[in-house]
Amino acid sequence: MKKVNRILIKSLFCWLIFFVQVESKIISIGNTEAKVKIKVFSSLTCPACANFHSKIFKQLKLDFIDKNLVKFEHHPFPLDLAALNAEIILRCHVDRTKRVELLDKMYQKQRVWAVGSDINKINNEIKKIGLEINLNNEKMNNCLENDKFQDEILNQRIEAQKKYKIESTPTIFINEKKYNGKIDYKAFKKTLERYL
């Protein structure tokens, strides 16, 4: 009996570690038990994604996320190396709240950092944003050189493509149903309220 208990405890422990690792790969905010879960598949260099973030996410946070009605998940779907590196820097921060804050700043300053073809200049601009959220250059350089982060993000992109058939960014799902409405808060809110 003791052996069985040990095996069960060990299995549960392994499962919990796996769950925490999977959960930590996704940048999310809100009540994990919320009735409504929103998944947004986006590329940090995509202007339409920045538009969604500024026009919908901020108001969504005030009206639904902060009231524990909605859980919001940012899923990486990088369309280029600059977006991939920005996603790596996002994951460089261990604090979940700071990750969301950094995501917000990445979109706010997209026109500054996501320009040109020199990846070194782009990385330097991304790191300037990271410095604002208490990341230091050494840590960010280590993250950019860590293949694990890159592989995680690219694997998430591949899995999303297989499961959700992403054709463009942003692609939004509300409780696993694709949102095809306007990128307009009033229209989005109306759709969202049907799930509550």
# chains A, B, ... in the order shown; residues from 1 in each chain; ligands from 1

$ residues_around --residues "Ile126 (chain A)" --least-positions-apart "5" --cutoff "10 Å" --atoms "only C-alpha atoms" --output "PyMOL selection string"
chain A and resi 82-83+85-87+89-90+105-106+109-110+112-114+120-121+131+140

$ atom_distance --atom1 "CA of Ser28 (chain A)" --atom2 "CA of Phe72 (chain A)"
5.5 Å

$ atom_distance --atom1 "CA of Lys163 (chain A)" --atom2 "CA of Asp151 (chain A)"
18.0 Å

$ residues_around --residues "Lys189 (chain A)" --least-positions-apart "5" --cutoff "10 Å" --atoms "only C-alpha atoms" --output "list in words"
Ile56, Gln59, Leu60, Asp63, Phe64, Asp184 and Arg194 of chain A

$ write_last_selection --atoms "C-alpha atoms" --output "PDB file, in the first residue's frame"
ATOM      1  CA  ILE A  56      -9.700  45.944 -27.293  1.00  0.00           C
ATOM      2  CA  GLN A  59     -10.808  48.044 -22.173  1.00  0.00           C
ATOM      3  CA  LEU A  60     -11.305  44.284 -21.879  1.00  0.00           C
ATOM      4  CA  ASP A  63     -14.402  45.600 -17.848  1.00  0.00           C
ATOM      5  CA  PHE A  64     -13.837  41.844 -17.647  1.00  0.00           C
ATOM      6  CA  ASP A 184     -13.795  47.129 -32.407  1.00  0.00           C
ATOM      7  CA  ARG A 194     -23.081  36.058 -24.964  1.00  0.00           C
TER       8      ARG A 194
END

$ atom_distance --atom1 "CA of Val70 (chain A)" --atom2 "CA of Val36 (chain A)"
4.9 Å

$ closest_residue --among "A:Glu152, A:Asp118, A:Glu132, A:Glu138" --to "Ile26 (chain A)" --atoms "only C-alpha atoms"
A:Glu152

$ closest_residue --among "A:Glu73, A:Glu167, A:Asn146, A:Lys58" --to "Arg96 (chain A)" --atoms "only C-alpha atoms"
A:Glu73

$ closest_residue --among "A:Lys148, A:Leu84, A:His74, A:Asp95" --to "Asn123 (chain A)" --atoms "only C-alpha atoms"
A:Leu84

$ select_by_dssp --residues "region 97-174 of chain A" --states "alpha helix (DSSP H)" --output "ChimeraX atom specification"
/A:97-108,110-113,119-132,137-145,147-164

$ closest_residue --among "A:Ser43, A:Ser117, A:Asn68, A:Asn134" --to "Lys98 (chain A)" --atoms "only C-alpha atoms"
A:Asn134

$ residues_around --residues "Asn155 (chain A)" --least-positions-apart "4" --cutoff "12 Å" --atoms "only C-alpha atoms" --output "list in words"
Lys25, His75, Pro76, Phe77, Pro78, Leu84, Asp147, Lys148, Phe149, Gln150, Asp151, Glu159, Ala160, Gln161 and Lys162 of chain A

$ write_last_selection --atoms "C-alpha atoms" --output "tab-separated table (two decimals), in the first residue's frame"
chain	number	residue	atom	x	y	z
A	25	LYS	CA	4.91	29.13	-21.36
A	75	HIS	CA	-0.16	32.93	-27.71
A	76	PRO	CA	2.98	33.58	-29.76
A	77	PHE	CA	2.70	33.30	-33.51
A	78	PRO	CA	5.85	35.13	-34.67
A	84	LEU	CA	10.47	35.81	-32.25
A	147	ASP	CA	17.75	27.88	-27.67
A	148	LYS	CA	15.16	26.53	-25.22
A	149	PHE	CA	13.09	29.73	-25.37
A	150	GLN	CA	13.25	29.85	-29.16
A	151	ASP	CA	12.28	26.18	-29.48
A	159	GLU	CA	1.04	23.39	-32.52
A	160	ALA	CA	-1.25	26.41	-32.95
A	161	GLN	CA	-1.04	26.08	-36.73
A	162	LYS	CA	-1.97	22.39	-36.53

$ closest_residue --among "A:Leu102, A:Glu176, A:Pro170, A:His53" --to "Ile88 (chain A)" --atoms "only C-alpha atoms"
A:Leu102

$ select_by_dssp --residues "region 20-187 of chain A" --states "strand (DSSP E or B)" --output "JSON list (two decimals) with N, CA and C atoms, in the first residue's frame"
[["chain", "number", "residue", "atom", "x", "y", "z"],
["A", 27, "ILE", "N", 1.61, 33.45, -21.81],
["A", 27, "ILE", "CA", 1.47, 34.71, -21.09],
["A", 27, "ILE", "C", -0.02, 34.95, -20.92],
["A", 28, "SER", "N", -0.45, 34.98, -19.66],
["A", 28, "SER", "CA", -1.88, 35.10, -19.40],
["A", 28, "SER", "C", -2.14, 36.05, -18.24],
["A", 29, "ILE", "N", -3.38, 36.50, -18.20],
["A", 29, "ILE", "CA", -3.83, 37.37, -17.11],
["A", 29, "ILE", "C", -5.31, 37.06, -16.86],
["A", 30, "GLY", "N", -5.68, 37.11, -15.60],
["A", 30, "GLY", "CA", -7.08, 36.88, -15.26],
["A", 30, "GLY", "C", -7.29, 35.62, -14.45],
["A", 36, "VAL", "N", -15.07, 32.45, -19.13],
["A", 36, "VAL", "CA", -14.68, 32.81, -20.50],
["A", 36, "VAL", "C", -13.16, 32.88, -20.61],
["A", 37, "LYS", "N", -12.63, 32.19, -21.63],
["A", 37, "LYS", "CA", -11.19, 32.21, -21.89],
["A", 37, "LYS", "C", -10.97, 32.73, -23.31],
["A", 38, "ILE", "N", -10.14, 33.75, -23.40],
["A", 38, "ILE", "CA", -9.82, 34.33, -24.71],
["A", 38, "ILE", "C", -8.38, 33.99, -25.04],
["A", 39, "LYS", "N", -8.18, 33.44, -26.23],
["A", 39, "LYS", "CA", -6.83, 33.15, -26.73],
["A", 39, "LYS", "C", -6.59, 34.04, -27.94],
["A", 40, "VAL", "N", -5.47, 34.76, -27.90],
["A", 40, "VAL", "CA", -5.11, 35.60, -29.04],
["A", 40, "VAL", "C", -3.77, 35.12, -29.57],
["A", 41, "PHE", "N", -3.77, 34.69, -30.83],
["A", 41, "PHE", "CA", -2.55, 34.25, -31.50],
["A", 41, "PHE", "C", -2.05, 35.44, -32.29],
["A", 42, "SER", "N", -0.86, 35.93, -31.89],
["A", 42, "SER", "CA", -0.39, 37.15, -32.54],
["A", 42, "SER", "C", 1.12, 37.19, -32.69],
["A", 70, "VAL", "N", -13.02, 37.01, -17.05],
["A", 70, "VAL", "CA", -12.35, 36.53, -18.25],
["A", 70, "VAL", "C", -10.89, 36.22, -17.96],
["A", 71, "LYS", "N", -10.41, 35.14, -18.57],
["A", 71, "LYS", "CA", -8.97, 34.86, -18.57],
["A", 71, "LYS", "C", -8.48, 35.15, -19.99],
["A", 72, "PHE", "N", -7.41, 35.91, -20.09],
["A", 72, "PHE", "CA", -6.84, 36.29, -21.39],
["A", 72, "PHE", "C", -5.49, 35.63, -21.57],
["A", 73, "GLU", "N", -5.27, 35.03, -22.74],
["A", 73, "GLU", "CA", -4.00, 34.38, -23.04],
["A", 73, "GLU", "C", -3.40, 34.94, -24.33],
["A", 74, "HIS", "N", -2.14, 35.31, -24.24],
["A", 74, "HIS", "CA", -1.38, 35.73, -25.43],
["A", 74, "HIS", "C", -0.59, 34.52, -25.91],
["A", 75, "HIS", "N", -0.87, 34.07, -27.13],
["A", 75, "HIS", "CA", -0.16, 32.93, -27.71],
["A", 75, "HIS", "C", 0.76, 33.43, -28.83],
["A", 76, "PRO", "N", 2.04, 33.07, -28.76],
["A", 76, "PRO", "CA", 2.98, 33.58, -29.76],
["A", 76, "PRO", "C", 2.78, 32.93, -31.12],
["A", 171, "THR", "N", -5.40, 36.14, -34.57],
["A", 171, "THR", "CA", -6.52, 35.20, -34.63],
["A", 171, "THR", "C", -6.99, 35.01, -33.20],
["A", 172, "ILE", "N", -8.28, 35.23, -33.00],
["A", 172, "ILE", "CA", -8.84, 35.28, -31.64],
["A", 172, "ILE", "C", -9.86, 34.15, -31.46],
["A", 173, "PHE", "N", -9.75, 33.47, -30.32],
["A", 173, "PHE", "CA", -10.73, 32.44, -29.97],
["A", 173, "PHE", "C", -11.34, 32.79, -28.62],
["A", 174, "ILE", "N", -12.66, 32.70, -28.55],
["A", 174, "ILE", "CA", -13.38, 32.87, -27.29],
["A", 174, "ILE", "C", -13.97, 31.51, -26.96],
["A", 177, "LYS", "N", -13.94, 29.07, -29.76],
["A", 177, "LYS", "CA", -14.65, 29.41, -30.99],
["A", 177, "LYS", "C", -14.02, 30.65, -31.60],
["A", 178, "LYS", "N", -13.72, 30.56, -32.89],
["A", 178, "LYS", "CA", -13.03, 31.66, -33.57],
["A", 178, "LYS", "C", -13.91, 32.90, -33.65],
["A", 179, "TYR", "N", -13.31, 34.05, -33.29],
["A", 179, "TYR", "CA", -14.01, 35.33, -33.37],
["A", 179, "TYR", "C", -13.72, 35.91, -34.76]]

$ residues_around --residues "Leu79 (chain A)" --least-positions-apart "6" --cutoff "10 Å" --atoms "only C-alpha atoms" --output "NGL selection string"
:A and (42-46 or 157 or 168-169)

$ write_last_selection --atoms "N, CA and C atoms" --output "PDB file, in the first residue's frame"
ATOM      1  N   SER A  42      -0.865  35.931 -31.895  1.00  0.00           N
ATOM      2  CA  SER A  42      -0.390  37.147 -32.535  1.00  0.00           C
ATOM      3  C   SER A  42       1.120  37.194 -32.693  1.00  0.00           C
ATOM      4  N   SER A  43       1.528  38.064 -33.597  1.00  0.00           N
ATOM      5  CA  SER A  43       2.940  38.331 -33.838  1.00  0.00           C
ATOM      6  C   SER A  43       3.221  39.738 -33.331  1.00  0.00           C
ATOM      7  N   LEU A  44       4.260  39.897 -32.546  1.00  0.00           N
ATOM      8  CA  LEU A  44       4.530  41.201 -31.931  1.00  0.00           C
ATOM      9  C   LEU A  44       4.935  42.281 -32.936  1.00  0.00           C
ATOM     10  N   THR A  45       5.249  41.889 -34.175  1.00  0.00           N
ATOM     11  CA  THR A  45       5.572  42.879 -35.209  1.00  0.00           C
ATOM     12  C   THR A  45       4.361  43.191 -36.090  1.00  0.00           C
ATOM     13  N   CYS A  46       3.238  42.585 -35.810  1.00  0.00           N
ATOM     14  CA  CYS A  46       2.033  42.740 -36.634  1.00  0.00           C
ATOM     15  C   CYS A  46       1.244  43.984 -36.203  1.00  0.00           C
ATOM     16  N   ARG A 157       3.997  27.771 -31.904  1.00  0.00           N
ATOM     17  CA  ARG A 157       3.487  28.263 -33.192  1.00  0.00           C
ATOM     18  C   ARG A 157       3.067  27.087 -34.071  1.00  0.00           C
ATOM     19  N   SER A 168      -3.905  34.189 -40.291  1.00  0.00           N
ATOM     20  CA  SER A 168      -3.423  35.568 -40.161  1.00  0.00           C
ATOM     21  C   SER A 168      -3.370  35.923 -38.679  1.00  0.00           C
ATOM     22  N   THR A 169      -2.719  37.045 -38.393  1.00  0.00           N
ATOM     23  CA  THR A 169      -2.658  37.506 -37.004  1.00  0.00           C
ATOM     24  C   THR A 169      -3.287  38.902 -36.922  1.00  0.00           C
TER      25      THR A 169
END
